[in-house]
$ cat query_11.txt   # compact mmCIF, C-alpha atoms and all ligand atoms
# COMPACT_ATOMS: atom_id res chain seq x y z
CA MET K 86 -0.84 18.50 -10.35
CA ASN K 87 2.27 17.97 -12.52
CA LYS K 88 1.85 16.55 -16.01
CA THR K 89 1.45 12.78 -16.08
CA ILE K 90 4.08 10.65 -17.83
CA ASP K 91 3.87 7.32 -19.56
CA ILE K 92 4.30 4.36 -17.18
CA SER K 93 6.78 2.66 -19.54
CA ARG K 94 9.01 5.76 -19.27
CA PHE K 95 8.73 5.56 -15.52
CA ARG K 96 9.74 1.88 -15.52
CA GLU K 97 12.66 2.70 -17.80
CA ARG K 98 13.87 5.29 -15.31
CA GLY K 99 13.70 2.69 -12.53
CA ARG K 100 15.80 0.29 -14.59
CA GLU K 101 18.34 3.06 -15.24
CA TYR K 102 18.66 3.74 -11.53
CA LEU K 103 19.19 0.05 -10.84
CA THR K 104 21.84 -0.41 -13.54
CA THR K 105 23.77 2.75 -12.65
CA GLY K 106 23.69 1.93 -8.95
CA LYS K 107 22.02 5.30 -8.35
CA VAL K 108 19.70 3.90 -5.73
CA GLN K 109 19.56 5.07 -2.16
CA ASN K 110 17.04 2.89 -0.44
CA HIS K 111 15.90 0.06 -2.64
CA LYS K 112 16.09 -3.66 -2.04
CA GLU K 113 14.50 -6.00 -4.58
CA ASP K 114 11.46 -7.90 -3.34
CA SER K 115 11.86 -11.28 -5.01
CA HIS K 116 9.30 -13.30 -3.14
CA PRO K 117 7.62 -15.86 -5.38
CA ARG K 118 3.85 -15.99 -5.62
CA VAL K 119 2.54 -18.60 -3.21
CA ALA K 120 0.58 -21.50 -4.64
CA SER K 121 -2.70 -20.51 -3.02
CA LYS K 122 -4.11 -16.99 -3.27
CA ALA K 123 -6.23 -17.71 -0.22
CA GLY K 124 -3.45 -17.63 2.39
CA GLY K 125 -4.33 -18.31 6.02
CA ALA K 126 -7.24 -16.62 7.75
CA ARG K 127 -6.51 -13.12 8.95
CA ILE K 128 -8.31 -10.42 10.82
CA ILE K 129 -8.24 -6.95 9.27
CA ARG K 130 -9.26 -4.08 11.54
CA PRO K 131 -8.49 -0.44 12.39
CA PRO K 132 -5.42 -0.19 14.65
CA THR K 133 -5.46 0.83 18.30
CA VAL K 134 -2.83 2.48 20.45
CA ARG K 135 -1.64 -0.96 21.54
CA ASP K 136 -0.62 -1.79 17.94
CA GLY K 137 1.85 1.08 17.51
CA VAL K 138 5.01 -0.80 18.48
CA ALA K 139 4.19 -3.86 16.34
CA VAL K 140 3.44 -1.62 13.36
CA HIS K 141 6.74 0.18 13.87
CA ASP K 142 8.58 -3.17 13.94
CA LEU K 143 6.81 -4.45 10.78
CA ILE K 144 7.74 -1.30 8.84
CA ARG K 145 11.34 -1.64 10.00
CA ALA K 146 11.32 -5.21 8.60
CA CYS K 147 9.94 -4.10 5.19
CA PRO K 148 12.58 -2.19 3.21
CA PRO K 149 12.56 0.05 1.23
CA LEU K 150 9.90 1.70 3.44
CA ASP K 151 11.08 4.73 5.40
CA ILE K 152 11.20 3.97 9.11
CA ASN K 153 9.10 6.52 10.94
CA SER K 154 9.36 7.55 14.56
CA LEU K 155 7.32 5.39 16.92
CA TYR K 156 5.39 8.52 17.81
CA CYS K 157 4.42 8.92 14.14
CA ASN K 158 3.10 5.33 14.02
CA LEU K 159 1.15 5.96 17.22
CA LEU K 160 -0.50 8.97 15.55
CA HIS K 161 -1.58 6.66 12.73
CA CYS K 162 -2.97 4.18 15.26
CA THR K 163 -4.98 6.88 17.04
CA HIS K 164 -5.81 10.05 15.05
CA PHE K 165 -5.85 8.22 11.69
CA ALA K 166 -7.12 4.82 12.85
CA SER K 167 -10.32 4.96 10.79
CA THR K 168 -8.34 5.14 7.51
CA CYS K 169 -5.53 2.78 8.57
CA ALA K 170 -5.65 -1.00 8.99
CA ILE K 171 -3.67 -3.78 10.59
CA ALA K 172 -3.87 -7.46 9.57
CA ILE K 173 -3.45 -10.11 12.24
CA ASP K 174 -2.94 -13.84 11.80
CA ALA K 175 -6.25 -15.36 12.93
CA ALA K 176 -4.46 -18.58 13.90
CA ASP K 177 -2.75 -17.03 16.92
CA GLY K 178 -4.68 -13.76 17.17
CA GLU K 179 -1.54 -11.66 17.57
CA SER K 180 1.07 -12.00 14.79
CA VAL K 181 1.02 -8.86 12.68
CA LEU K 182 0.98 -9.77 8.97
CA GLY K 183 0.21 -6.47 7.33
CA TRP K 184 -0.28 -2.75 7.70
CA LEU K 185 -1.57 0.11 5.58
CA SER K 186 -1.56 3.75 6.63
CA ALA K 187 -3.68 6.24 4.74
CA TYR K 188 -5.55 9.49 5.21
CA ARG K 189 -7.86 11.86 3.40
CA PRO K 190 -5.80 15.02 2.64
CA PRO K 191 -7.65 18.01 4.15
CA ALA K 192 -7.58 19.94 0.86
CA GLU K 193 -8.68 16.90 -1.16
CA PRO K 194 -10.97 14.75 1.02
CA GLU K 195 -12.31 12.73 -1.92
CA THR K 196 -8.85 11.12 -2.18
CA LEU K 197 -7.63 8.31 0.05
CA PHE K 198 -3.88 8.90 0.11
CA VAL K 199 -1.99 5.71 0.89
CA TRP K 200 1.16 6.48 2.84
CA GLN K 201 2.71 3.09 3.56
CA VAL K 202 1.81 -0.53 2.85
CA ALA K 203 3.79 -3.28 4.54
CA VAL K 204 3.21 -7.03 4.36
CA ALA K 205 5.35 -9.48 6.34
CA PHE K 206 7.57 -11.61 4.08
CA ALA K 207 5.74 -14.81 5.00
CA ALA K 208 2.38 -13.36 3.95
CA ARG K 209 3.43 -11.75 0.65
CA ARG K 210 1.78 -12.49 -2.69
CA THR K 211 -1.35 -13.84 -1.03
CA GLY K 212 -3.52 -10.84 -1.85
CA LEU K 213 -3.22 -9.37 1.63
CA ALA K 214 -2.31 -5.83 0.55
CA HIS K 215 -5.39 -5.82 -1.72
CA ASP K 216 -7.61 -7.08 1.09
CA ILE K 217 -6.37 -4.40 3.49
CA LEU K 218 -6.97 -1.55 1.02
CA ASP K 219 -10.42 -2.92 0.12
CA ASP K 220 -11.27 -3.13 3.83
CA ILE K 221 -10.41 0.53 4.41
CA LEU K 222 -12.25 1.74 1.31
CA ALA K 223 -15.40 -0.15 2.38
CA ARG K 224 -15.57 1.69 5.71
CA GLU K 225 -17.90 4.51 6.59
CA ALA K 226 -14.77 6.67 7.05
CA CYS K 227 -14.20 6.45 3.27
CA ARG K 228 -17.68 7.46 2.18
CA GLY K 229 -17.20 9.99 -0.65
CA VAL K 230 -13.73 8.78 -1.63
CA VAL K 231 -13.48 8.56 -5.43
CA ARG K 232 -9.76 8.07 -5.99
CA VAL K 233 -6.67 6.56 -4.42
CA GLY K 234 -3.44 8.55 -4.27
CA ALA K 235 0.03 7.40 -3.29
CA SER K 236 3.65 7.93 -4.22
CA VAL K 237 6.37 5.54 -5.39
CA THR K 238 10.08 5.66 -6.04
CA ALA K 239 11.12 4.58 -9.55
CA THR K 240 12.80 1.41 -8.31
CA ASN K 241 10.03 0.04 -6.10
CA VAL K 242 8.71 -2.59 -8.50
CA ALA K 243 6.45 -4.26 -5.92
CA SER K 244 4.82 -1.00 -4.94
CA LEU K 245 4.02 0.06 -8.52
CA GLY K 246 2.90 -3.52 -9.29
CA PHE K 247 0.53 -3.41 -6.34
CA PHE K 248 -1.10 -0.12 -7.36
CA GLU K 249 -1.38 -1.18 -11.01
CA SER K 250 -2.99 -4.44 -9.97
CA PHE K 251 -5.39 -2.61 -7.65
CA ALA K 252 -6.36 -0.25 -10.51
CA ARG K 253 -6.92 -3.18 -12.89
CA ARG K 254 -9.18 -4.91 -10.40
CA ARG K 255 -11.24 -1.73 -10.14
CA GLY K 256 -11.50 -1.36 -13.93
CA THR K 257 -9.31 1.73 -14.03
CA HIS K 258 -5.63 2.65 -14.39
CA VAL K 259 -2.69 4.37 -12.70
CA GLU K 260 -1.65 7.92 -13.61
CA ILE K 261 1.87 8.86 -12.66
CA ALA K 262 3.54 12.29 -12.46
CA PRO K 263 6.68 13.86 -10.99
CA TRP K 264 6.13 15.02 -7.41
CA LEU K 265 8.76 15.26 -4.65
CA ASP K 266 12.03 15.72 -6.48
CA GLU K 267 15.25 14.12 -5.28
CA SER K 268 17.25 17.40 -5.56
CA GLU K 269 14.67 20.07 -4.93
CA ALA K 270 12.52 18.46 -2.22
CA PHE K 271 14.79 15.81 -0.71
CA GLN K 272 18.10 17.64 -1.31
CA SER K 273 19.78 14.34 -2.19
CA ARG K 274 18.69 12.56 0.99
CA HIS K 275 16.10 10.32 -0.72
CA ASP K 276 15.08 9.14 -4.20
CA SER K 277 12.36 11.14 -5.99
CA GLU K 278 8.80 10.21 -5.04
CA TRP K 279 6.40 10.09 -8.03
CA SER K 280 2.74 10.85 -7.52
CA ILE K 281 0.24 8.08 -8.29
CA ARG K 282 -3.45 8.72 -8.87
CA ILE K 283 -6.09 6.09 -9.48
CA GLU K 284 -9.35 7.74 -10.51
CA ASP K 285 -12.86 6.22 -10.64
CA ILE K 286 -12.10 3.47 -8.17
CA GLU K 287 -15.73 2.37 -8.06
CA ALA K 288 -15.94 2.04 -11.87
CA GLY K 289 -15.50 -1.70 -12.13
CA HIS K 290 -15.91 -2.55 -8.48
CA ARG K 291 -18.67 -4.61 -6.94
CA PRO K 292 -18.89 -3.33 -3.35
CA PRO K 293 -18.29 -6.21 -0.93
CA ILE K 294 -20.94 -7.11 1.59
CA ARG K 295 -19.00 -7.00 4.78
CA ALA K 296 -19.22 -6.33 8.46
CA GLU K 297 -16.62 -3.81 9.67
CA HIS K 298 -13.34 -5.11 11.07
CA SER K 299 -13.65 -8.70 9.91
CA ASN K 300 -11.63 -10.79 7.49
CA PRO K 301 -12.97 -10.42 3.93
CA ARG K 302 -11.81 -13.95 3.07
CA ASP K 303 -14.17 -15.33 5.70
CA ARG K 304 -17.18 -13.57 4.27
CA GLY K 305 -17.94 -15.77 1.33
CA PRO K 306 -18.85 -14.45 -2.09
CA ALA K 307 -20.12 -10.88 -2.25
C1 LIG K 401 4.20 -4.05 -1.90
C2 LIG K 401 3.65 -5.05 -0.88
C3 LIG K 401 2.89 -4.27 0.19
C4 LIG K 401 2.66 -5.98 -1.63
O1 LIG K 401 2.00 -6.79 -0.69
P1 LIG K 401 1.34 -8.19 -1.05
O2 LIG K 401 0.37 -8.54 0.03
O3 LIG K 401 2.42 -9.16 -1.35
O4 LIG K 401 0.55 -7.83 -2.37
P2 LIG K 401 -0.66 -8.69 -2.96
O5 LIG K 401 -0.45 -10.15 -2.76
O6 LIG K 401 -1.96 -8.08 -2.49
O7 LIG K 401 -0.42 -8.43 -4.51
C5 LIG K 401 -1.04 -7.39 -5.15
C6 LIG K 401 -0.32 -7.08 -6.44
O8 LIG K 401 0.93 -6.49 -6.16
C7 LIG K 401 1.84 -6.83 -7.18
N1 LIG K 401 3.10 -7.26 -6.55
C8 LIG K 401 3.27 -7.67 -5.27
N2 LIG K 401 4.57 -7.96 -5.07
C9 LIG K 401 5.21 -7.74 -6.25
C10 LIG K 401 6.55 -7.85 -6.67
N3 LIG K 401 7.51 -8.29 -5.85
N4 LIG K 401 6.85 -7.50 -7.93
C11 LIG K 401 5.90 -7.06 -8.79
N5 LIG K 401 4.60 -6.95 -8.44
C12 LIG K 401 4.27 -7.28 -7.19
C13 LIG K 401 1.26 -7.94 -8.01
O9 LIG K 401 0.98 -7.39 -9.28
C14 LIG K 401 -0.05 -8.30 -7.31
O10 LIG K 401 -1.08 -8.32 -8.24
P3 LIG K 401 -1.66 -9.65 -8.94
O11 LIG K 401 -2.29 -10.43 -7.81
O12 LIG K 401 -2.65 -9.05 -9.87
O13 LIG K 401 -0.50 -10.32 -9.57
C15 LIG K 401 4.74 -5.93 -0.24
O14 LIG K 401 5.55 -6.48 -1.28
C16 LIG K 401 5.67 -5.15 0.70
O15 LIG K 401 5.37 -5.03 1.90
N6 LIG K 401 6.79 -4.64 0.17
C17 LIG K 401 7.76 -3.89 0.99
C18 LIG K 401 7.25 -2.53 1.38
C19 LIG K 401 6.81 -1.70 0.20
O16 LIG K 401 7.54 -1.52 -0.77
N7 LIG K 401 5.57 -1.15 0.29
C20 LIG K 401 4.96 -0.39 -0.79
C21 LIG K 401 5.30 1.03 -0.70
S1 LIG K 401 3.95 2.01 -0.16
$ encode --input "query_11.txt" --output "structure tokens" --more "lines below"
Ligand SMILES: CC(C)(COP(=O)(O)OP(=O)(O)OC[C@H]1O[C@@H](n2cnc3c(N)ncnc32)[C@H](O)[C@@H]1OP(=O)(O)O)[C@@H](O)C(=O)NCCC(=O)NCCS
Amino acid sequence: MNKTIDISRFRERGREYLTTGKVQNHKEDSHPRVASKAGGARIIRPPTVRDGVAVHDLIRACPPLDINSLYCNLLHCTHFASTCAIAIDAADGESVLGWLSAYRPPAEPETLFVWQVAVAFAARRTGLAHDILDDILAREACRGVVRVGASVTATNVASLGFFESFARRRGTHVEIAPWLDESEAFQSRHDSEWSIRIEDIEAGHRPPIRAEHSNPRDRGPA
């Protein structure tokens, strides 16, 4: 892996991009924290083939995420369903509030690599992204996972904030390093993606007592 850099340097780079206008796909997420962290009840479960279109639509509504082909989202909902999750509003049983796609890289199966996280505007800052990632990590499909990997662009404040917060909750920290370079890898079609690694994810974590596919907020204290 490339050499890690200091997170404050990474943040500085993001600010530079924003002030110079050198940003290709960023839109600030300025949603205020909601008063209650509890939010409404939601069901978190692995996706099925019938969720593909709704997932595709949610991602389209969540810039700066890259919009994938519908076929790609259907692969997540089928081949990668055991390491992906969808969150549904329990009140109506159908509104899609959140999505997280992840997989265990074949050459590094002890890592859960998070590809995309998307939470509907109305459900943001209620802890939903945390709940979805916790749900996946608690599954049998993640037995043996010791770290979380991901990538972020320098200007995606919400994304970095989410991974830092996740690391804090697990008693660990984020390591960041250059990865897919804007010129070399993306050939100027996309901002650089920086690699994130969060080691020792079980260090400060009390495993939740949970039945698969249910809403962690309905489970009571672990
Ligand atoms: C990033 C995103 C998934 C977070 O979802 P969320 O459900 O609102 O996140 P949570 O409520 O679980 O918050 C978790 C942490 O994320 C951080 N966070 C969330 N939104 C943030 C924002 N706008 N700015 C800074 N930090 C933010 C907070 O630190 C929070 O931790 P805290 O509770 O310790 O304060 C959501 O903002 C989103 O869908 N953004 C657009 C798509 C995107 O950028 N996805 C990430 C790329 S993979």
$ residues_around --input "query_11.txt" --residues "Ser244 of chain K" --least-positions-apart "6" --cutoff "10 Å" --atoms "all atoms listed in the file" --output "list in words"
Asp114, Pro149, Gln201, Val202, Ala203, Ala235, Ser236, Val237, Thr238 and Ser250 of chain K
$ closest_residue --input "query_11.txt" --among "K:His161, K:Arg274, K:Arg282, K:Arg98" --to "Phe251 of chain K" --atoms "all atoms listed in the file"
K:Arg282
$ closest_residue --input "query_11.txt" --among "K:Cys147, K:Ala208, K:Leu155, K:Leu222" --to "Ala170 of chain K" --atoms "only C-alpha atoms"
K:Leu222
$ closest_residue --input "query_11.txt" --among "K:Lys88, K:His164, K:His215, K:His275" --to "ligand LIG 401 (chain K)" --atoms "all atoms listed in the file"
K:His215
$ closest_residue --input "query_11.txt" --among "K:Gly183, K:Tyr188, K:Glu193, K:Ser280" --to "Gly212 of chain K" --atoms "only C-alpha atoms"
K:Gly183
$ atom_distance --input "query_11.txt" --atom1 "atom P1 of ligand LIG 401 (chain K)" --atom2 "atom CA of Leu150 of chain K"
13.8 Å
$ closest_residue --input "query_11.txt" --among "K:Ala288, K:Ile283, K:Ala187, K:Ala226" --to "ligand LIG 401 (chain K)" --atoms "only C-alpha atoms and all ligand atoms"
K:Ala187
$ atom_distance --input "query_11.txt" --atom1 "atom CA of Val230 of chain K" --atom2 "atom C14 of ligand LIG 401 (chain K)"
22.6 Å
$ atom_distance --input "query_11.txt" --atom1 "atom N5 of ligand LIG 401 (chain K)" --atom2 "atom CA of Ser277 of chain K"
19.8 Å
$ axis_aligned_box --input "query_11.txt" --around "ligand LIG 401 (chain K)" --padding-each-side "5 Å" --output "lines of an AutoDock Vina configuration file"
center_x = 2.6
center_y = -4.2
center_z = -4.0
size_x = 20.4
size_y = 22.4
size_z = 21.8
$ closest_residue --input "query_11.txt" --among "K:Ala243, K:Leu185, K:Ile171, K:Ala166" --to "ligand LIG 401 (chain K)" --atoms "only C-alpha atoms and all ligand atoms"
K:Ala243
